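A.B. asks: This is model.txt (compact mmCIF, C-alpha atoms).
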# COMPACT_ATOMS: atom_id res chain seq x y z
CA VAL Q 26 -22.14 10.22 24.23
CA ASN Q 27 -18.48 11.17 24.17
CA LEU Q 28 -17.73 14.64 25.57
CA GLU Q 29 -14.04 14.69 26.43
CA GLY Q 30 -12.20 11.77 24.83
CA ALA Q 31 -11.45 10.88 21.22
CA VAL Q 32 -13.29 8.22 19.27
CA VAL Q 33 -11.56 6.20 16.56
CA VAL Q 34 -13.90 4.45 14.11
CA LYS Q 35 -12.53 1.77 11.81
CA ILE Q 36 -14.61 1.13 8.68
CA THR Q 37 -14.34 -2.54 7.68
CA HIS Q 38 -16.96 -2.62 4.91
CA THR Q 39 -18.40 0.12 2.73
CA GLY Q 40 -21.13 0.48 0.12
CA ALA Q 41 -21.84 -2.81 -1.66
CA GLN Q 42 -19.83 -4.73 0.99
CA THR Q 43 -22.09 -3.77 3.89
CA TYR Q 44 -24.34 -6.31 5.57
CA LEU Q 45 -27.52 -4.64 4.31
CA ALA Q 46 -26.21 -4.43 0.73
CA GLN Q 47 -25.31 -8.14 0.81
CA ILE Q 48 -28.84 -9.03 1.96
CA ILE Q 49 -30.38 -6.94 -0.82
CA ARG Q 50 -28.09 -8.58 -3.39
CA LEU Q 51 -28.96 -12.08 -2.19
CA VAL Q 52 -32.69 -11.33 -2.43
CA GLN Q 53 -32.28 -9.89 -5.93
CA GLU Q 54 -30.24 -12.89 -7.07
CA ALA Q 55 -32.85 -15.30 -5.69
CA GLN Q 56 -35.66 -13.47 -7.45
CA LYS Q 57 -33.75 -13.57 -10.76
CA THR Q 58 -33.00 -17.28 -10.50
CA ARG Q 59 -35.25 -19.35 -12.73
CA SER Q 60 -37.11 -22.21 -11.12
CA ARG Q 61 -37.87 -25.56 -12.74
CA ILE Q 62 -41.58 -24.80 -12.56
CA GLN Q 63 -40.96 -21.50 -14.34
CA ASP Q 64 -39.47 -23.47 -17.23
CA LEU Q 65 -42.61 -25.62 -17.26
CA ALA Q 66 -44.81 -22.50 -17.16
CA ASP Q 67 -42.90 -21.00 -20.08
CA ARG Q 68 -43.40 -24.16 -22.14
CA ALA Q 69 -47.11 -24.15 -21.25
CA ALA Q 70 -47.34 -20.47 -22.22
CA LEU Q 71 -45.74 -21.23 -25.59
CA MET Q 72 -48.22 -24.06 -26.15
CA LEU Q 73 -51.14 -21.81 -25.20
CA THR Q 74 -49.88 -19.14 -27.59
CA ILE Q 75 -49.82 -21.68 -30.42
CA ILE Q 76 -53.26 -22.95 -29.36
CA ALA Q 77 -54.59 -19.36 -29.34
CA ILE Q 78 -53.36 -18.71 -32.87
CA VAL Q 79 -54.36 -22.08 -34.30
CA GLY Q 80 -57.67 -22.08 -32.38
CA GLY Q 81 -58.47 -18.58 -33.60
CA LEU Q 82 -57.79 -19.48 -37.24
CA LEU Q 83 -59.80 -22.69 -36.98
CA THR Q 84 -62.70 -20.79 -35.39
CA PHE Q 85 -62.63 -18.17 -38.15
CA THR Q 86 -62.56 -20.86 -40.84
CA ALA Q 87 -65.28 -22.97 -39.19
CA TRP Q 88 -67.76 -20.08 -38.96
CA LEU Q 89 -67.04 -19.04 -42.54
CA ILE Q 90 -67.67 -22.59 -43.78
CA ALA Q 91 -70.87 -22.62 -41.71
CA GLY Q 92 -72.09 -19.69 -43.81
CA PHE Q 93 -71.62 -16.78 -41.41
CA ASP Q 94 -70.25 -13.46 -42.62
CA PRO Q 95 -66.51 -12.62 -42.26
CA LEU Q 96 -67.11 -9.94 -39.59
CA PHE Q 97 -68.98 -12.40 -37.32
CA SER Q 98 -66.30 -15.03 -37.93
CA LEU Q 99 -63.53 -12.51 -37.21
CA GLU Q 100 -65.23 -11.52 -33.97
CA ARG Q 101 -65.28 -15.17 -32.82
CA MET Q 102 -61.60 -15.56 -33.76
CA VAL Q 103 -60.59 -12.43 -31.81
CA THR Q 104 -62.56 -13.60 -28.75
CA VAL Q 105 -60.78 -16.98 -28.83
CA MET Q 106 -57.35 -15.36 -29.14
CA VAL Q 107 -58.04 -12.82 -26.38
CA ILE Q 108 -59.45 -15.32 -23.86
CA THR Q 109 -56.67 -17.85 -24.62
CA CYS Q 110 -53.91 -15.28 -24.07
CA PRO Q 111 -51.46 -16.89 -21.56
CA HIS Q 112 -51.31 -13.68 -19.56
CA ALA Q 113 -52.07 -15.31 -16.18
CA LEU Q 114 -49.69 -18.16 -16.98
CA GLY Q 115 -46.85 -15.72 -17.51
CA LEU Q 116 -47.46 -14.24 -14.06
CA ALA Q 117 -48.30 -17.48 -12.23
CA ILE Q 118 -44.74 -18.41 -11.20
CA PRO Q 119 -42.80 -15.08 -11.12
CA LEU Q 120 -45.36 -13.55 -8.74
CA VAL Q 121 -45.05 -16.45 -6.29
CA VAL Q 122 -41.24 -16.33 -6.55
CA ALA Q 123 -41.14 -12.59 -5.85
CA VAL Q 124 -43.54 -12.81 -2.90
CA SER Q 125 -41.95 -15.89 -1.29
CA THR Q 126 -38.42 -14.48 -1.64
CA ALA Q 127 -39.44 -11.18 -0.06
CA LEU Q 128 -41.29 -13.02 2.72
CA SER Q 129 -38.28 -15.24 3.41
CA ALA Q 130 -36.01 -12.17 3.69
CA GLN Q 131 -38.45 -10.51 6.10
CA ASN Q 132 -38.25 -13.64 8.27
CA GLY Q 133 -34.44 -13.75 8.20
CA LEU Q 134 -34.22 -16.56 5.61
CA LEU Q 135 -31.93 -15.54 2.75
CA ILE Q 136 -32.12 -17.71 -0.37
CA ARG Q 137 -28.95 -17.80 -2.47
CA ASP Q 138 -29.93 -20.68 -4.76
CA ARG Q 139 -33.56 -20.80 -5.88
CA ARG Q 140 -33.36 -24.40 -7.13
CA ALA Q 141 -31.99 -25.57 -3.80
CA PHE Q 142 -34.88 -23.79 -2.10
CA GLU Q 143 -37.32 -25.71 -4.29
CA ARG Q 144 -35.60 -28.99 -3.31
CA ALA Q 145 -36.12 -28.10 0.36
CA ARG Q 146 -39.78 -29.15 0.14
CA ASN Q 147 -38.63 -32.76 -0.41
CA VAL Q 148 -36.02 -32.89 2.37
CA GLU Q 149 -36.03 -36.25 4.15
CA VAL Q 150 -32.98 -35.87 6.40
CA VAL Q 151 -31.69 -32.77 8.22
CA VAL Q 152 -28.12 -32.99 9.54
CA PHE Q 153 -27.20 -30.53 12.31
CA ASP Q 154 -23.70 -29.62 13.39
CA LYS Q 155 -23.79 -29.63 17.22
CA THR Q 156 -21.57 -26.86 18.54
CA GLY Q 157 -22.83 -23.39 17.72
CA THR Q 158 -25.90 -24.71 15.90
CA LEU Q 159 -27.87 -26.92 18.30
CA THR Q 160 -25.88 -25.61 21.26
CA GLU Q 161 -24.69 -22.12 22.09
CA GLY Q 162 -21.01 -23.08 22.02
CA ARG Q 163 -20.53 -21.88 25.59
CA PHE Q 164 -20.26 -23.69 28.91
CA GLY Q 165 -23.01 -23.49 31.52
CA VAL Q 166 -22.95 -24.88 35.05
CA THR Q 167 -25.23 -27.91 35.38
CA ASP Q 168 -24.20 -29.29 38.81
CA ILE Q 169 -22.57 -27.90 41.95
CA ILE Q 170 -21.37 -30.76 44.17
CA PRO Q 171 -20.21 -29.67 47.67
CA LEU Q 172 -18.04 -32.08 49.70
CA LYS Q 173 -16.90 -32.38 53.32
CA GLY Q 174 -19.48 -30.09 54.93
CA TRP Q 175 -19.28 -27.25 52.44
CA ASN Q 176 -22.42 -25.90 50.74
CA ASN Q 177 -23.26 -24.91 47.16
CA ASP Q 178 -22.84 -21.16 47.65
CA ASP Q 179 -19.43 -21.55 49.35
CA VAL Q 180 -18.07 -23.77 46.58
CA LEU Q 181 -19.44 -21.51 43.81
CA ALA Q 182 -18.21 -18.33 45.55
CA LEU Q 183 -14.65 -19.64 45.81
CA ALA Q 184 -14.63 -20.85 42.20
CA ALA Q 185 -16.18 -17.69 40.73
CA SER Q 186 -13.90 -15.39 42.75
CA LEU Q 187 -10.86 -17.05 41.19
CA GLU Q 188 -12.33 -17.46 37.71
CA MET Q 189 -13.21 -13.74 37.53
CA ASN Q 190 -9.59 -13.26 36.51
CA SER Q 191 -9.69 -15.83 33.69
CA GLU Q 192 -11.01 -15.59 30.12
CA HIS Q 193 -11.41 -19.35 29.67
CA PRO Q 194 -14.91 -20.51 28.49
CA ILE Q 195 -15.23 -22.66 31.62
CA ALA Q 196 -14.36 -19.66 33.78
CA ARG Q 197 -17.01 -17.52 32.08
CA GLY Q 198 -19.62 -20.24 32.68
CA ILE Q 199 -18.83 -20.39 36.42
CA VAL Q 200 -18.87 -16.58 36.81
CA GLU Q 201 -22.21 -16.36 34.96
CA LYS Q 202 -23.70 -18.94 37.33
CA ALA Q 203 -22.48 -16.96 40.36
CA ARG Q 204 -24.09 -13.78 39.02
CA GLU Q 205 -27.29 -15.65 38.30
CA MET Q 206 -27.43 -16.92 41.90
CA ASN Q 207 -26.33 -13.54 43.35
CA VAL Q 208 -23.40 -15.17 45.15
CA LYS Q 209 -21.10 -12.73 46.98
CA LEU Q 210 -17.50 -12.99 45.70
CA TYR Q 211 -14.23 -12.70 47.62
CA ASP Q 212 -11.13 -10.62 47.02
CA VAL Q 213 -8.34 -12.67 45.47
CA SER Q 214 -4.59 -12.14 45.80
CA GLU Q 215 -1.62 -13.88 44.19
CA PHE Q 216 -3.77 -15.09 41.27
CA LYS Q 217 -1.93 -17.38 38.89
CA ALA Q 218 -2.95 -19.57 35.96
CA ILE Q 219 -1.73 -23.17 35.94
CA PRO Q 220 -1.20 -23.80 32.19
CA GLY Q 221 -3.47 -26.60 30.95
CA LYS Q 222 -4.58 -27.43 34.48
CA GLY Q 223 -6.51 -24.56 36.10
CA VAL Q 224 -6.02 -21.47 38.27
CA ARG Q 225 -4.92 -20.72 41.83
CA GLY Q 226 -4.94 -17.80 44.26
CA VAL Q 227 -5.24 -16.80 47.89
CA ILE Q 228 -8.68 -16.07 49.42
CA ASN Q 229 -8.95 -15.02 53.08
CA GLY Q 230 -5.42 -16.30 53.68
CA ARG Q 231 -6.12 -19.76 52.30
CA ASN Q 232 -4.73 -21.29 49.09
CA VAL Q 233 -7.56 -22.00 46.65
CA GLU Q 234 -7.25 -23.91 43.38
CA ILE Q 235 -9.74 -24.66 40.57
CA VAL Q 236 -8.39 -27.62 38.58
CA GLY Q 237 -9.35 -30.44 36.25
CA PRO Q 238 -9.24 -34.22 36.84
CA GLY Q 239 -5.73 -34.43 35.35
CA TYR Q 240 -4.32 -32.26 38.13
CA LEU Q 241 -5.88 -34.53 40.78
CA ARG Q 242 -4.34 -37.60 39.13
CA GLU Q 243 -0.97 -35.84 39.03
CA LYS Q 244 -1.19 -35.04 42.75
CA VAL Q 245 -2.60 -38.53 43.50
CA ILE Q 246 -5.79 -37.08 45.00
CA THR Q 247 -8.71 -39.52 44.84
CA ILE Q 248 -12.39 -38.53 44.91
CA ARG Q 249 -15.06 -41.11 45.72
CA ASP Q 250 -18.45 -39.57 45.13
CA GLU Q 251 -21.35 -40.99 43.08
CA ARG Q 252 -22.51 -37.50 42.03
CA VAL Q 253 -19.12 -36.68 40.55
CA GLU Q 254 -18.88 -40.05 38.79
CA GLU Q 255 -22.39 -39.64 37.35
CA ALA Q 256 -21.58 -36.17 35.97
CA GLN Q 257 -18.43 -37.54 34.31
CA LYS Q 258 -20.34 -40.51 32.85
CA GLN Q 259 -22.75 -38.01 31.26
CA GLY Q 260 -19.82 -36.45 29.43
CA LYS Q 261 -19.88 -33.22 31.44
CA THR Q 262 -16.72 -31.20 31.98
CA THR Q 263 -15.87 -31.39 35.69
CA VAL Q 264 -13.60 -29.04 37.65
CA PHE Q 265 -12.65 -29.34 41.32
CA VAL Q 266 -12.31 -26.71 44.05
CA LEU Q 267 -9.36 -27.27 46.40
CA VAL Q 268 -8.74 -25.35 49.64
CA ASP Q 269 -5.27 -25.90 51.11
CA ASN Q 270 -4.87 -29.02 48.91
CA GLU Q 271 -8.17 -30.51 50.11
CA VAL Q 272 -11.06 -31.04 47.65
CA VAL Q 273 -14.12 -29.18 48.97
CA GLY Q 274 -16.38 -29.44 45.96
CA ALA Q 275 -16.82 -30.06 42.25
CA ILE Q 276 -18.57 -28.12 39.50
CA ALA Q 277 -19.92 -29.84 36.38
CA LEU Q 278 -20.43 -27.87 33.15
CA ALA Q 279 -21.85 -28.67 29.74
CA ASP Q 280 -22.27 -26.94 26.43
CA VAL Q 281 -25.57 -25.06 26.74
CA ILE Q 282 -28.32 -26.45 24.49
CA ARG Q 283 -30.38 -23.81 22.71
CA SER Q 284 -33.98 -23.92 23.93
CA GLU Q 285 -35.02 -23.32 20.30
CA SER Q 286 -33.27 -26.54 19.24
CA ILE Q 287 -35.75 -28.72 21.13
CA ASP Q 288 -38.69 -27.02 19.37
CA ALA Q 289 -36.97 -27.31 15.98
CA ILE Q 290 -36.29 -31.05 16.31
CA ARG Q 291 -39.83 -31.71 17.54
CA GLU Q 292 -41.38 -29.84 14.60
CA LEU Q 293 -39.13 -31.54 12.04
CA LYS Q 294 -40.05 -34.98 13.37
CA LYS Q 295 -43.74 -34.04 13.15
CA MET Q 296 -43.09 -33.30 9.47
CA GLY Q 297 -41.67 -36.82 9.04
CA ILE Q 298 -38.06 -35.64 8.71
CA HIS Q 299 -35.18 -37.76 10.06
CA CYS Q 300 -32.95 -35.63 12.35
CA VAL Q 301 -29.20 -36.31 12.53
CA MET Q 302 -26.49 -34.71 14.70
CA LEU Q 303 -22.90 -34.45 13.55
CA THR Q 304 -20.12 -33.62 16.01
CA GLY Q 305 -16.47 -34.05 16.80
CA ASP Q 306 -17.28 -34.50 20.49
CA ASN Q 307 -16.89 -37.82 22.26
CA LYS Q 308 -19.78 -40.28 22.10
CA ILE Q 309 -20.85 -39.86 25.72
CA THR Q 310 -21.31 -36.08 25.33
CA ALA Q 311 -22.89 -36.45 21.89
CA TYR Q 312 -25.46 -39.01 22.99
CA ARG Q 313 -26.33 -36.98 26.08
CA VAL Q 314 -27.16 -33.94 23.93
CA ALA Q 315 -28.98 -36.12 21.37
CA GLU Q 316 -31.12 -37.66 24.10
CA GLN Q 317 -32.13 -34.23 25.42
CA LEU Q 318 -33.04 -33.02 21.94
CA GLY Q 319 -34.75 -36.16 20.66
CA ILE Q 320 -32.26 -36.62 17.79
CA ASP Q 321 -32.85 -39.76 15.69
CA GLU Q 322 -29.24 -40.55 14.70
CA VAL Q 323 -25.81 -39.44 15.94
CA PHE Q 324 -22.39 -39.34 14.26
CA ALA Q 325 -19.85 -38.58 17.01
CA GLU Q 326 -16.05 -38.17 17.06
CA VAL Q 327 -16.19 -37.10 13.41
CA LEU Q 328 -13.06 -35.31 12.19
CA PRO Q 329 -13.56 -32.17 10.02
CA HIS Q 330 -12.68 -33.91 6.74
CA GLU Q 331 -15.02 -36.82 7.58
CA LYS Q 332 -18.18 -34.67 7.66
CA VAL Q 333 -18.49 -34.84 3.86
CA GLU Q 334 -18.38 -38.64 4.02
CA VAL Q 335 -21.27 -38.67 6.51
CA ILE Q 336 -23.38 -36.59 4.10
CA LYS Q 337 -22.46 -38.93 1.22
CA GLN Q 338 -23.34 -41.94 3.36
CA LEU Q 339 -26.81 -40.53 4.00
CA GLN Q 340 -27.26 -39.68 0.32
CA ARG Q 341 -26.33 -43.24 -0.63
CA ARG Q 342 -29.45 -44.30 1.28
CA GLY Q 343 -31.39 -42.47 -1.42
CA LYS Q 344 -32.31 -39.58 0.85
CA ILE Q 345 -32.51 -35.85 0.08
CA VAL Q 346 -30.22 -34.33 2.71
CA ALA Q 347 -30.06 -30.82 4.17
CA MET Q 348 -26.98 -29.83 6.19
CA VAL Q 349 -27.10 -27.07 8.82
CA GLY Q 350 -23.81 -25.66 10.11
CA ASP Q 351 -21.88 -22.53 11.02
CA GLY Q 352 -18.18 -23.29 11.02
CA VAL Q 353 -15.27 -23.44 8.57
CA ASN Q 354 -15.24 -27.22 9.04
CA ASP Q 355 -18.87 -27.39 7.89
CA ALA Q 356 -18.29 -25.73 4.49
CA PRO Q 357 -17.45 -28.90 2.49
CA ALA Q 358 -20.45 -30.70 3.99
CA LEU Q 359 -22.70 -27.74 3.17
CA ILE Q 360 -21.61 -27.96 -0.47
CA GLN Q 361 -22.02 -31.76 -0.62
CA ALA Q 362 -25.55 -31.70 0.84
CA ASP Q 363 -28.57 -31.35 -1.44
CA ILE Q 364 -29.43 -28.19 0.50
CA GLY Q 365 -26.75 -26.35 2.47
CA ILE Q 366 -28.11 -24.13 5.26
CA ALA Q 367 -25.73 -21.81 7.12
CA ILE Q 368 -26.34 -20.04 10.39
CA GLY Q 369 -25.88 -16.36 9.53
CA ALA Q 370 -23.71 -15.54 12.53
CA GLY Q 371 -21.27 -18.28 11.50
CA THR Q 372 -18.08 -17.95 9.51
CA ASP Q 373 -17.94 -16.22 6.13
CA ILE Q 374 -16.78 -19.40 4.40
CA ALA Q 375 -19.78 -21.37 5.75
CA VAL Q 376 -22.16 -18.64 4.57
CA GLU Q 377 -20.53 -18.53 1.12
CA SER Q 378 -20.84 -22.32 0.80
CA ALA Q 379 -24.54 -22.44 1.65
CA ASP Q 380 -27.66 -22.32 -0.53
CA ILE Q 381 -29.77 -20.75 2.23
CA ILE Q 382 -28.63 -18.47 5.05
CA LEU Q 383 -30.42 -18.15 8.39
CA VAL Q 384 -29.76 -14.62 9.65
CA ARG Q 385 -30.77 -15.50 13.20
CA ASN Q 386 -29.02 -18.17 15.24
CA ASP Q 387 -32.31 -20.02 15.55
CA PRO Q 388 -32.61 -23.70 14.47
CA ARG Q 389 -36.39 -23.22 14.23
CA ASP Q 390 -35.75 -21.28 11.02
CA VAL Q 391 -34.85 -24.62 9.39
CA VAL Q 392 -38.49 -25.63 9.95
CA SER Q 393 -39.62 -22.27 8.53
CA ILE Q 394 -37.58 -22.65 5.33
CA ILE Q 395 -38.97 -26.15 4.66
CA LYS Q 396 -42.53 -24.98 5.35
CA LEU Q 397 -42.05 -21.96 3.08
CA ALA Q 398 -40.64 -24.17 0.31
CA ARG Q 399 -43.70 -26.45 0.54
CA ILE Q 400 -46.16 -23.55 0.58
CA THR Q 401 -44.37 -21.87 -2.35
CA TYR Q 402 -44.50 -25.05 -4.43
CA LYS Q 403 -48.20 -25.49 -3.60
CA LYS Q 404 -48.90 -21.89 -4.69
CA MET Q 405 -47.03 -22.42 -7.94
CA LYS Q 406 -49.02 -25.56 -8.73
CA GLU Q 407 -52.31 -23.85 -7.87
CA ASN Q 408 -51.53 -20.88 -10.13
CA LEU Q 409 -50.31 -23.11 -12.94
CA LEU Q 410 -53.39 -25.33 -12.71
CA TRP Q 411 -55.77 -22.36 -12.60
CA ALA Q 412 -54.12 -20.48 -15.47
CA THR Q 413 -54.08 -23.48 -17.82
CA SER Q 414 -57.45 -25.06 -16.92
CA TYR Q 415 -59.24 -21.69 -17.02
CA ASN Q 416 -57.95 -20.97 -20.53
CA MET Q 417 -58.67 -24.46 -21.83
CA MET Q 418 -62.26 -24.39 -20.52
CA ALA Q 419 -62.86 -20.90 -21.90
CA ILE Q 420 -61.77 -21.66 -25.48
CA PRO Q 421 -64.90 -23.63 -26.57
CA ILE Q 422 -67.20 -20.96 -25.10
CA ALA Q 423 -65.23 -18.18 -26.81
CA ALA Q 424 -65.37 -20.10 -30.11
CA GLY Q 425 -69.17 -20.16 -29.89
CA ALA Q 426 -69.86 -23.71 -28.73
CA LEU Q 427 -72.94 -22.45 -26.82
CA TYR Q 428 -74.26 -20.39 -29.75
CA SER Q 429 -77.27 -22.68 -30.15
CA TYR Q 430 -78.24 -21.81 -26.54
CA GLY Q 431 -78.03 -18.09 -27.27
CA ILE Q 432 -74.68 -17.62 -25.45
CA LEU Q 433 -72.10 -15.69 -27.43
CA LEU Q 434 -69.12 -13.85 -25.99
CA PRO Q 435 -67.97 -10.60 -27.63
CA PRO Q 436 -64.20 -9.80 -27.56
CA ALA Q 437 -64.68 -7.25 -24.74
CA VAL Q 438 -66.18 -9.90 -22.45
CA GLY Q 439 -63.36 -12.26 -23.41
CA ALA Q 440 -60.87 -9.58 -22.34
CA ILE Q 441 -62.62 -9.16 -18.99
CA LEU Q 442 -62.62 -12.92 -18.35
CA MET Q 443 -58.93 -13.10 -19.26
CA SER Q 444 -58.21 -10.26 -16.81
CA ILE Q 445 -60.17 -12.00 -14.07
CA SER Q 446 -57.92 -15.07 -14.32
CA THR Q 447 -54.87 -12.81 -13.99
CA VAL Q 448 -56.32 -11.10 -10.93
CA ILE Q 449 -57.09 -14.47 -9.29
CA VAL Q 450 -53.53 -15.68 -9.93
CA ALA Q 451 -52.10 -12.45 -8.49
CA ILE Q 452 -54.27 -12.62 -5.37
CA ASN Q 453 -53.42 -16.28 -4.77
CA ALA Q 454 -49.70 -15.49 -5.09
CA ARG Q 455 -50.01 -12.87 -2.36
CA ILE Q 456 -51.80 -15.07 0.19
CA PHE Q 457 -49.04 -16.53 2.38
CA PRO Q 458 -49.18 -17.28 6.12
CA SER Q 459 -48.27 -14.18 8.14
CA LYS Q 460 -46.11 -16.36 10.40
CA LEU Q 461 -43.95 -19.22 9.12
Take the structure in this file and express it as structure tokens.
C.D. replies:
Amino acid sequence: VNLEGAVVVKITHTGAQTYLAQIIRLVQEAQKTRSRIQDLADRAALMLTIIAIVGGLLTFTAWLIAGFDPLFSLERMVTVMVITCPHALGLAIPLVVAVSTALSAQNGLLIRDRRAFERARNVEVVVFDKTGTLTEGRFGVTDIIPLKGWNNDDVLALAASLEMNSEHPIARGIVEKAREMNVKLYDVSEFKAIPGKGVRGVINGRNVEIVGPGYLREKVITIRDERVEEAQKQGKTTVFVLVDNEVVGAIALADVIRSESIDAIRELKKMGIHCVMLTGDNKITAYRVAEQLGIDEVFAEVLPHEKVEVIKQLQRRGKIVAMVGDGVNDAPALIQADIGIAIGAGTDIAVESADIILVRNDPRDVVSIIKLARITYKKMKENLLWATSYNMMAIPIAAGALYSYGILLPPAVGAILMSISTVIVAINARIFPSKL
């Protein structure tokens, strides 16, 4: 509510460029895309059409030769052609495609390439980019290590008071931790950033500095503490709190792992899918994250242009590979993979390079897309099997094979039976799990 000031609104996208319009377009494109099974259904429909015509003519001729009048023979021919009509077959696949695409959009799974979506049911390896996909891409405090008689709250209060003035990701992580623990902050004067090293200021008349290990080496300050060494061995980023040039504590931070990532990896492994993590981070950090998540294989210290080679290496093992990423550096790998999956909140170029877009930043949606692909394929097969087997079984009855038992189907009954098969196919296409 703005009563007195002026508001300036900058329009960045209009009409067809808006987010909603792009989602609608992606859904429409996916629904228009022909699937491989649709091609098979079309061929089966053509065959059934030929069978209907040929079967009808043969039925008419057979009854005439048997000595029945032309009207009776014509009635048998019409019944055969009506009951053999590939009506259900024509709807079997498009109905499933329409329903599954709409369902995927409702669940935040946007399919850009229908054929890639079909391949998703056979995925054997899922490769995750680490930062921004499995992790939140922000630093969180994991350890507060007080030294020389100081306590956790004192060390965190000093650090957060200084870092309140900084926009660095590490600074934001420390301030967030202080807010979470309701730590009271101090007033800071003479704040100054030390380029590439840390920050300093005056708190309660004492000089306070928050610096990295490089600054300590430069000043020849040595820290002997097993807790600090252990944090550094785990690949955590460690900063030190100095008061009047004396180290009073250390704070260890790490890229925050998404809680959803653990669930996603666990579910994928239950499905028999090999989980791989791809990152430019050092091996210590990469393996620490992989251990927490239960990742099967890790490629660490990978340069941006080397990500494509990792995907190729996995494909050379004869595996169907899905790549999940969100950054500009991930785009070539997304294209190289059999199925490219982009996190929707990622960069435009990553989204444009992907076959499937996850609107939410939730790795569990990778599980959902594979499950949906498997269910969709199952529905297609069921509809295809029903539509063809139903017609093939009905032809002899329509032709009068049970005439000697007093069973004869008039054309109207044949039309009803044909309609029933269509209704069954339509109902089956609509029955999808309410939750993926």
A.B. asks: Figure out the distance between atom CA of Pro111 of chain Q and atom CA of Ala87 of chain Q, please, to one decimal in Å.
C.D. replies: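 Value for the atom CA of Ala87 of chain Q-atom CA of Pro111 of chain Q distance: 23.2 Å.
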A.B. asks: Have a look at Q:Ala426, Q:Ala367, Q:Leu89, Q:Val208 and name the one nearest to Gly133 of chain Q; count only C-alpha atoms.
C.D. replies: Q:Ala367
A.B. asks: Using all atoms listed in the file, pick whichever of Q:Val151, Q:Asn229, Q:Ala91, Q:Ala127 has the shortest atom-to-atom distance to His299 of chain Q.
C.D. replies: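 Closest candidate: Q:Val151.
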A.B. asks: Choose the residue, out of Q:Ala423, Q:Ile195, Q:Leu409, Q:Val268, that has the smallest atom-to-atom separation from Leu114 of chain Q; count all atoms listed in the file.
C.D. replies: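 Answer, going by the shortest atom-to-atom distance: Q:Leu409.
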A.B. asks: From the options Q:Ala275, Q:Leu128, Q:Ile336, Q:Ile452, which residue's atoms come nearest to Ile394 of chain Q, counting all atoms listed in the file?
C.D. replies: Q:Leu128
A.B. asks: Counting all atoms listed in the file, note down every residue that has an atom within 10 Å of the point (-8.3, -27.3, 47.7) (file coordinates), as number ranges by chain.
C.D. replies: Q: 225, 231-236, 265-274
A.B. asks: To one decimal place in Å, what is the distance between atom CA of Ala451 of chain Q and atom CA of Ser393 of chain Q?
C.D. replies: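 Those two atoms sit 23.3 Å apart.
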